[in-house]
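Student: Take a look at query25.tsv, TSV, C-alpha atoms:
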```tsv
chain	number	residue	atom	x	y	z
A	1247	MET	CA	9.24	42.73	2.47
A	1248	THR	CA	9.81	42.32	6.21
A	1249	ASP	CA	13.05	43.24	7.92
A	1250	ALA	CA	15.89	40.96	6.91
A	1251	TYR	CA	16.56	38.04	9.23
A	1252	THR	CA	20.06	36.72	9.76
A	1253	PRO	CA	20.00	33.14	11.06
A	1254	PRO	CA	22.28	32.43	14.03
A	1255	ALA	CA	25.11	29.95	13.73
A	1256	VAL	CA	23.11	27.46	15.83
A	1257	TRP	CA	19.32	27.47	16.04
A	1258	THR	CA	17.76	27.27	19.49
A	1259	TRP	CA	14.15	26.97	20.61
A	1260	ASP	CA	13.92	29.96	22.91
A	1261	LYS	CA	10.51	31.47	22.12
A	1262	PRO	CA	7.10	30.47	20.72
A	1263	SER	CA	6.93	30.29	16.93
A	1264	GLY	CA	3.74	32.33	16.75
A	1265	GLY	CA	0.75	31.63	14.54
A	1266	ALA	CA	-2.19	29.28	14.88
A	1267	PHE	CA	-0.17	26.26	15.99
A	1268	ALA	CA	2.31	27.89	18.36
A	1269	SER	CA	0.91	26.08	21.39
A	1270	ILE	CA	1.62	22.62	19.98
A	1271	ASN	CA	4.73	23.17	17.87
A	1272	ARG	CA	7.93	21.81	19.40
A	1273	PRO	CA	11.25	20.48	18.11
A	1274	VAL	CA	11.12	17.11	19.87
A	1275	SER	CA	8.95	14.01	19.50
A	1276	GLY	CA	7.31	11.77	22.06
A	1277	ALA	CA	4.42	11.90	24.49
A	1278	THR	CA	3.61	14.89	26.67
A	1279	HIS	CA	1.01	13.12	28.80
A	1280	GLU	CA	-0.36	9.69	29.63
A	1281	ALA	CA	-3.65	8.72	28.01
A	1282	GLU	CA	-4.73	5.46	26.43
A	1283	LEU	CA	-6.57	5.38	23.12
A	1284	PRO	CA	-10.19	4.21	23.21
A	1285	VAL	CA	-11.05	0.95	21.47
A	1286	GLY	CA	-14.48	0.19	20.02
A	1287	ALA	CA	-16.25	-2.96	18.92
A	1288	HIS	CA	-14.77	-3.33	15.44
A	1289	PRO	CA	-11.38	-4.75	14.47
A	1290	LEU	CA	-10.39	-1.54	12.65
A	1291	GLN	CA	-9.82	1.46	14.89
A	1292	LEU	CA	-9.18	4.84	13.26
A	1293	TYR	CA	-7.75	7.77	15.21
A	1294	SER	CA	-8.04	10.87	13.11
A	1295	LEU	CA	-9.43	14.31	12.35
A	1296	ALA	CA	-11.30	15.56	9.27
A	1297	THR	CA	-8.35	17.42	7.79
A	1298	PRO	CA	-7.41	16.55	4.20
A	1299	ASN	CA	-5.03	13.82	5.37
A	1300	GLY	CA	-7.62	12.43	7.75
A	1301	GLN	CA	-10.43	12.48	5.19
A	1302	LYS	CA	-8.49	10.15	2.89
A	1303	VAL	CA	-8.89	7.15	5.18
A	1304	GLY	CA	-12.53	7.85	6.03
A	1305	ILE	CA	-13.29	8.00	2.32
A	1306	LEU	CA	-11.58	4.67	1.62
A	1307	LEU	CA	-13.29	2.90	4.53
A	1308	GLU	CA	-16.69	4.16	3.42
A	1309	GLU	CA	-15.97	3.18	-0.20
A	1310	LEU	CA	-14.95	-0.31	0.96
A	1311	LEU	CA	-18.17	-0.70	2.90
A	1312	ALA	CA	-20.21	0.60	-0.06
A	1313	ALA	CA	-18.50	-2.00	-2.26
A	1314	GLY	CA	-19.64	-4.79	0.07
A	1315	HIS	CA	-16.52	-5.35	2.18
A	1316	SER	CA	-18.22	-5.85	5.54
A	1317	GLY	CA	-14.89	-6.50	7.21
A	1318	ALA	CA	-14.06	-2.83	6.72
A	1319	GLU	CA	-16.46	-1.80	9.51
A	1320	TYR	CA	-14.62	0.52	11.84
A	1321	ASP	CA	-14.68	2.81	14.84
A	1322	ALA	CA	-13.33	6.31	14.32
A	1323	TRP	CA	-12.16	8.45	17.23
A	1324	LYS	CA	-11.47	12.16	16.98
A	1325	ILE	CA	-7.93	13.32	17.72
A	1326	ASP	CA	-8.08	17.04	18.47
A	1327	ILE	CA	-4.68	18.25	17.31
A	1328	GLY	CA	-5.37	21.77	18.57
A	1329	GLN	CA	-5.62	20.33	22.07
A	1330	GLY	CA	-2.51	18.17	21.67
A	1331	ASN	CA	-4.31	14.79	21.67
A	1332	GLN	CA	-1.70	13.54	19.22
A	1333	PHE	CA	0.93	13.75	21.96
A	1334	SER	CA	-0.79	11.30	24.31
A	1335	SER	CA	1.14	8.15	25.17
A	1336	GLY	CA	-1.51	6.04	23.46
A	1337	PHE	CA	-1.39	7.95	20.22
A	1338	VAL	CA	2.40	8.08	20.16
A	1339	ALA	CA	2.38	4.29	20.50
A	1340	ALA	CA	0.19	4.13	17.39
A	1341	ASN	CA	2.16	6.81	15.53
A	1342	PRO	CA	5.56	7.92	16.85
A	1343	ASN	CA	5.37	10.89	14.46
A	1344	SER	CA	2.30	12.27	16.31
A	1345	LYS	CA	0.37	13.09	13.14
A	1346	ILE	CA	-3.13	12.01	12.17
A	1347	PRO	CA	-4.36	9.63	10.93
A	1348	ALA	CA	-3.36	6.41	12.66
A	1349	LEU	CA	-4.99	3.01	12.23
A	1350	VAL	CA	-4.86	-0.01	14.54
A	1351	ASP	CA	-6.01	-3.32	13.06
A	1352	HIS	CA	-7.02	-5.77	15.77
A	1353	SER	CA	-7.90	-8.46	13.23
A	1354	ALA	CA	-4.31	-9.10	12.18
A	1355	GLY	CA	-1.61	-10.23	14.58
A	1356	ASP	CA	1.91	-8.81	14.53
A	1357	GLY	CA	3.50	-12.23	14.95
A	1358	ALA	CA	3.21	-12.02	18.72
A	1359	GLY	CA	-0.57	-11.97	18.75
A	1360	GLY	CA	-0.99	-8.22	19.06
A	1361	PRO	CA	-2.69	-5.68	16.81
A	1362	VAL	CA	-1.04	-4.05	13.80
A	1363	ARG	CA	-0.49	-0.30	13.77
A	1364	VAL	CA	-0.29	1.66	10.53
A	1365	PHE	CA	0.58	5.34	10.34
A	1366	GLU	CA	0.97	7.89	7.54
A	1367	SER	CA	-2.14	8.34	5.41
A	1368	GLY	CA	-0.61	6.86	2.26
A	1369	ALA	CA	0.54	3.75	4.11
A	1370	ILE	CA	-2.93	3.29	5.60
A	1371	LEU	CA	-4.56	3.57	2.16
A	1372	VAL	CA	-2.22	0.94	0.70
A	1373	TYR	CA	-2.64	-1.35	3.72
A	1374	LEU	CA	-6.43	-1.29	3.54
A	1375	ALA	CA	-6.61	-1.52	-0.26
A	1376	GLU	CA	-4.35	-4.58	-0.23
A	1377	LYS	CA	-6.13	-6.10	2.75
A	1378	PHE	CA	-9.46	-6.02	0.93
A	1379	GLY	CA	-8.19	-6.29	-2.64
A	1380	ALA	CA	-9.99	-3.15	-3.78
A	1381	PHE	CA	-9.17	0.21	-5.36
A	1382	ILE	CA	-5.61	-0.86	-6.11
A	1383	PRO	CA	-4.54	-2.35	-9.46
A	1384	THR	CA	-2.78	-5.70	-9.74
A	1385	ALA	CA	-1.40	-5.41	-13.28
A	1386	PRO	CA	2.19	-4.11	-13.10
A	1387	ALA	CA	1.79	-1.10	-15.40
A	1388	ALA	CA	-1.49	0.03	-13.85
A	1389	ARG	CA	-0.10	-0.53	-10.37
A	1390	ALA	CA	2.97	1.55	-11.14
A	1391	GLU	CA	0.81	4.37	-12.51
A	1392	MET	CA	-1.40	4.33	-9.42
A	1393	PHE	CA	1.57	4.37	-7.03
A	1394	SER	CA	3.14	7.22	-8.99
A	1395	TRP	CA	0.06	9.39	-8.54
A	1396	LEU	CA	-0.34	8.36	-4.92
A	1397	MET	CA	3.24	9.38	-4.16
A	1398	TRP	CA	2.75	12.56	-6.21
A	1399	GLN	CA	0.01	13.53	-3.80
A	1400	MET	CA	2.03	12.61	-0.73
A	1401	GLY	CA	4.93	14.70	-1.97
A	1402	SER	CA	2.70	17.60	-3.03
A	1403	ALA	CA	0.69	18.04	0.17
A	1404	PRO	CA	3.45	19.82	2.12
A	1405	PHE	CA	3.63	22.53	-0.58
A	1406	LEU	CA	-0.14	23.04	-0.49
A	1407	GLY	CA	-0.58	22.90	3.27
A	1408	GLY	CA	2.62	23.62	5.14
A	1409	GLY	CA	3.80	25.89	2.35
A	1410	PHE	CA	0.97	27.84	0.72
A	1411	GLY	CA	-1.64	27.31	3.41
A	1412	HIS	CA	0.69	28.26	6.23
A	1413	PHE	CA	2.15	31.42	4.76
A	1414	TYR	CA	-1.06	32.63	3.07
A	1415	HIS	CA	-3.48	31.89	5.91
A	1416	TYR	CA	-1.88	30.88	9.21
A	1417	ALA	CA	1.41	32.74	9.51
A	1418	PRO	CA	1.27	35.70	11.92
A	1419	VAL	CA	3.22	37.82	9.42
A	1420	LYS	CA	2.45	37.89	5.69
A	1421	ILE	CA	5.70	37.48	3.76
A	1422	GLU	CA	5.41	38.33	0.08
A	1423	TYR	CA	8.31	36.11	-0.98
A	1424	ALA	CA	6.93	33.05	0.83
A	1425	ILE	CA	3.36	33.53	-0.44
A	1426	ASN	CA	4.55	34.03	-4.01
A	1427	ARG	CA	6.86	31.03	-3.79
A	1428	TYR	CA	4.14	28.64	-2.66
A	1429	ALA	CA	1.35	30.15	-4.75
A	1430	MET	CA	3.49	29.44	-7.79
A	1431	GLU	CA	4.06	25.84	-6.72
A	1432	ALA	CA	0.40	25.31	-5.85
A	1433	LYS	CA	-0.68	26.49	-9.29
A	1434	ARG	CA	1.91	24.28	-10.92
A	1435	LEU	CA	0.49	21.28	-9.05
A	1436	PHE	CA	-3.05	22.20	-10.07
A	1437	HIS	CA	-1.86	22.35	-13.67
A	1438	VAL	CA	-0.23	18.91	-13.35
A	1439	ALA	CA	-3.53	17.46	-12.16
A	1440	ASP	CA	-5.60	19.36	-14.71
A	1441	THR	CA	-3.38	18.18	-17.58
A	1442	ARG	CA	-3.58	14.58	-16.42
A	1443	LEU	CA	-7.34	14.71	-15.95
A	1444	ALA	CA	-7.76	16.04	-19.47
A	1445	GLN	CA	-6.31	12.69	-20.58
A	1446	SER	CA	-8.08	10.26	-18.26
A	1447	ARG	CA	-11.17	10.06	-16.07
A	1448	TYR	CA	-9.17	9.44	-12.91
A	1449	LEU	CA	-5.60	10.16	-11.90
A	1450	ALA	CA	-4.30	6.64	-12.51
A	1451	GLY	CA	-6.41	5.99	-15.61
A	1452	ASP	CA	-9.94	4.72	-16.21
A	1453	ASP	CA	-10.37	3.19	-12.75
A	1454	TYR	CA	-11.09	4.92	-9.45
A	1455	THR	CA	-8.26	4.13	-7.03
A	1456	ILE	CA	-6.72	5.14	-3.73
A	1457	ALA	CA	-4.67	7.70	-5.69
A	1458	ASP	CA	-7.90	9.64	-6.26
A	1459	MET	CA	-8.95	9.23	-2.64
A	1460	ALA	CA	-5.60	10.59	-1.50
A	1461	ALA	CA	-5.58	13.64	-3.76
A	1462	PHE	CA	-9.26	14.54	-3.57
A	1463	PRO	CA	-9.46	16.07	-0.06
A	1464	TRP	CA	-6.51	18.35	-0.75
A	1465	LEU	CA	-7.56	19.48	-4.22
A	1466	ALA	CA	-11.28	19.68	-3.47
A	1467	GLY	CA	-10.75	22.23	-0.74
A	1468	PHE	CA	-9.17	24.60	-3.24
A	1469	VAL	CA	-11.65	23.95	-6.06
A	1470	GLN	CA	-14.68	24.27	-3.76
A	1471	GLY	CA	-13.38	27.39	-2.05
A	1472	THR	CA	-13.25	25.95	1.46
A	1473	ALA	CA	-9.45	25.91	1.89
A	1474	TYR	CA	-7.55	28.75	3.54
A	1475	ASN	CA	-10.21	31.47	3.48
A	1476	ASP	CA	-11.24	30.97	-0.15
A	1477	ALA	CA	-7.83	30.50	-1.73
A	1478	ARG	CA	-9.89	29.47	-4.80
A	1479	THR	CA	-10.20	33.14	-5.75
A	1480	PHE	CA	-6.61	34.06	-4.94
A	1481	LEU	CA	-5.24	31.16	-7.02
A	1482	SER	CA	-7.78	31.39	-9.88
A	1483	LEU	CA	-8.98	27.79	-9.66
A	1484	HIS	CA	-11.43	28.47	-12.49
A	1485	GLU	CA	-8.44	28.04	-14.81
A	1486	TYR	CA	-8.50	24.24	-14.27
A	1487	PRO	CA	-11.70	22.83	-15.84
A	1488	HIS	CA	-10.62	19.17	-15.89
A	1489	LEU	CA	-9.60	19.27	-12.25
A	1490	THR	CA	-12.97	20.86	-11.46
A	1491	ARG	CA	-14.81	18.09	-13.37
A	1492	TRP	CA	-12.97	15.42	-11.37
A	1493	VAL	CA	-13.64	17.14	-8.04
A	1494	GLU	CA	-17.35	17.48	-8.81
A	1495	GLU	CA	-17.61	13.82	-9.84
A	1496	LEU	CA	-15.93	12.52	-6.71
A	1497	ALA	CA	-17.72	14.95	-4.42
A	1498	ALA	CA	-21.05	13.52	-5.61
A	1499	ARG	CA	-20.17	9.99	-4.45
A	1500	PRO	CA	-22.11	9.10	-1.27
A	1501	ALA	CA	-19.12	7.29	0.25
A	1502	VAL	CA	-16.94	10.34	-0.31
A	1503	GLN	CA	-19.54	12.56	1.33
A	1504	ARG	CA	-19.65	10.27	4.35
A	1505	GLY	CA	-15.89	9.85	4.55
A	1506	ARG	CA	-15.28	13.59	4.59
A	1507	LYS	CA	-17.48	13.92	7.68
A	1508	VAL	CA	-15.69	11.29	9.77
A	1509	ASN	CA	-14.09	12.88	12.86
A	1510	SER	CA	-15.41	16.31	11.88
A	1511	ALA	CA	-17.20	18.74	14.17
A	1512	ASP	CA	-20.45	17.29	12.78
A	1513	LEU	CA	-19.42	13.67	13.50
A	1514	PRO	CA	-16.62	13.52	16.10
A	1515	GLU	CA	-16.93	9.73	16.40
A	1516	ARG	CA	-18.17	7.12	13.96
A	1517	HIS	CA	-19.11	3.61	15.11
A	1518	ALA	CA	-21.84	2.50	12.68
A	1519	ALA	CA	-23.35	3.43	9.33
A	1520	SER	CA	-26.39	4.75	11.18
A	1521	ASP	CA	-24.25	7.54	12.66
A	1522	PHE	CA	-24.56	9.41	9.37
A	1523	ALA	CA	-28.36	9.54	9.48
A	1524	ALA	CA	-28.47	12.73	11.51
A	1525	LEU	CA	-26.39	14.41	8.82
A	1526	GLY	CA	-28.73	13.32	6.05
A	1527	LEU	CA	-26.10	11.02	4.56
A	1528	GLY	CA	-27.12	7.48	3.66
```
Give the structure from this file in structure tokens form.

Tutor:
Amino acid sequence: MTDAYTPPAVWTWDKPSGGAFASINRPVSGATHEAELPVGAHPLQLYSLATPNGQKVGILLEELLAAGHSGAEYDAWKIDIGQGNQFSSGFVAANPNSKIPALVDHSAGDGAGGPVRVFESGAILVYLAEKFGAFIPTAPAARAEMFSWLMWQMGSAPFLGGGFGHFYHYAPVKIEYAINRYAMEAKRLFHVADTRLAQSRYLAGDDYTIADMAAFPWLAGFVQGTAYNDARTFLSLHEYPHLTRWVEELAARPAVQRGRKVNSADLPERHAASDFAALGLG
């Protein structure tokens, strides 16, 4: 255990927080500099990064296109959060919370003739699924089940990323209590998913939905050993065979493979399906 810390009566921001994100962490919102967002040729403009939250939207857009929804063509622009791109005036206008991803839909007016902004990954998934009538159930019971699993993922991500991932991998000091606390919660969440996937092919039932697209990037990183310096070994992911089956099935989908590359180091921008050719992805 580290030396005990006694919190002051009133917290003040008087020194860098340390760790991998110290240069961009701050206790206030808003823009730090003026910069407009680029706009491409398509109505849908995605501003993102290939983190788990960013991959969700790339996967859905590629799945929509694969299903024949030509109106889902999009431009994707990389937002480098390490460089603070998310604090530009243009990005803050698209997402006042300064987190990726953000979507701007130029095909739908806001009542005054302007584009529609959508932020928060879950909100973007619902917006696009409803816009195109795909990957979202319409029957009340199935719809409720899908939304339950979608919100389960949204509520779980902070424990996996900001909790386990931060204290296990990014924190400048390894704190046994914090790592144990979030390792326990991460394994509990894996067990929730594994138990569910022993009962059904996908999270919401027999049909592939945006609930799967939301959860996949987060869970796949652990199962495939790419998250947080091979946390797969540390957390014994081999204990979850049904979760592994689901990850392998989704990872084999061509649209998922393409979506995971959007706004990555391999594909910083995406403007057409042909952009994937250099990566060997059709």

Student: Once you count all atoms listed in the file, what closest atom pair and distance in Å to one decimal does each residue of range 1252-1302 of chain A within 9 Å of range 1344-1350 of chain A have, with rows by chain and rising residue number, as a tab-separated table?

Tutor:
```
residue	atom	partner	partner_atom	distance
A:Ser1275	CA	A:Ser1344	CA	7.6
A:Gly1276	CA	A:Ser1344	CA	7.6
A:Ala1277	CA	A:Ser1344	CA	8.5
A:Pro1289	CA	A:Val1350	CA	8.1
A:Leu1290	CA	A:Val1350	CA	6.0
A:Gln1291	CA	A:Val1350	CA	5.2
A:Leu1292	CA	A:Leu1349	CA	4.7
A:Tyr1293	CA	A:Ala1348	CA	5.3
A:Ser1294	CA	A:Pro1347	CA	4.5
A:Leu1295	CA	A:Ile1346	CA	6.7
A:Thr1297	CA	A:Ile1346	CA	8.7
A:Asn1299	CA	A:Pro1347	CA	7.0
A:Gly1300	CA	A:Pro1347	CA	5.3
A:Gln1301	CA	A:Pro1347	CA	8.8
```

Student: Which residues come within 12 Å of range 1399-1401 of chain A, counting all atoms listed in the file, excluding same-chain residues fewer than 5 positions away, as a PyMOL selection string?

Tutor: chain A and resi 1298-1299+1302+1366-1369+1371+1392-1394+1406-1408+1432+1435-1436+1438-1439+1449-1450+1456-1465

Student: Tell me, as a PyMOL selection string, which residues lie within 8 Å of Asp1321 in chain A, counting all atoms listed in the file; anything in the same chain fewer than 4 positions away does not count.

Tutor: chain A and resi 1285-1288+1290-1292+1515-1518

Student: Would you please work out which residue, of A:Glu1280, A:Glu1309, A:Glu1485, A:Asp1521, is nearest to Ala1375 in chain A when using only C-alpha atoms?

Tutor: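 Nearest candidate to Ala1375 in chain A out of A:Glu1280, A:Glu1309, A:Glu1485, A:Asp1521: A:Glu1309.
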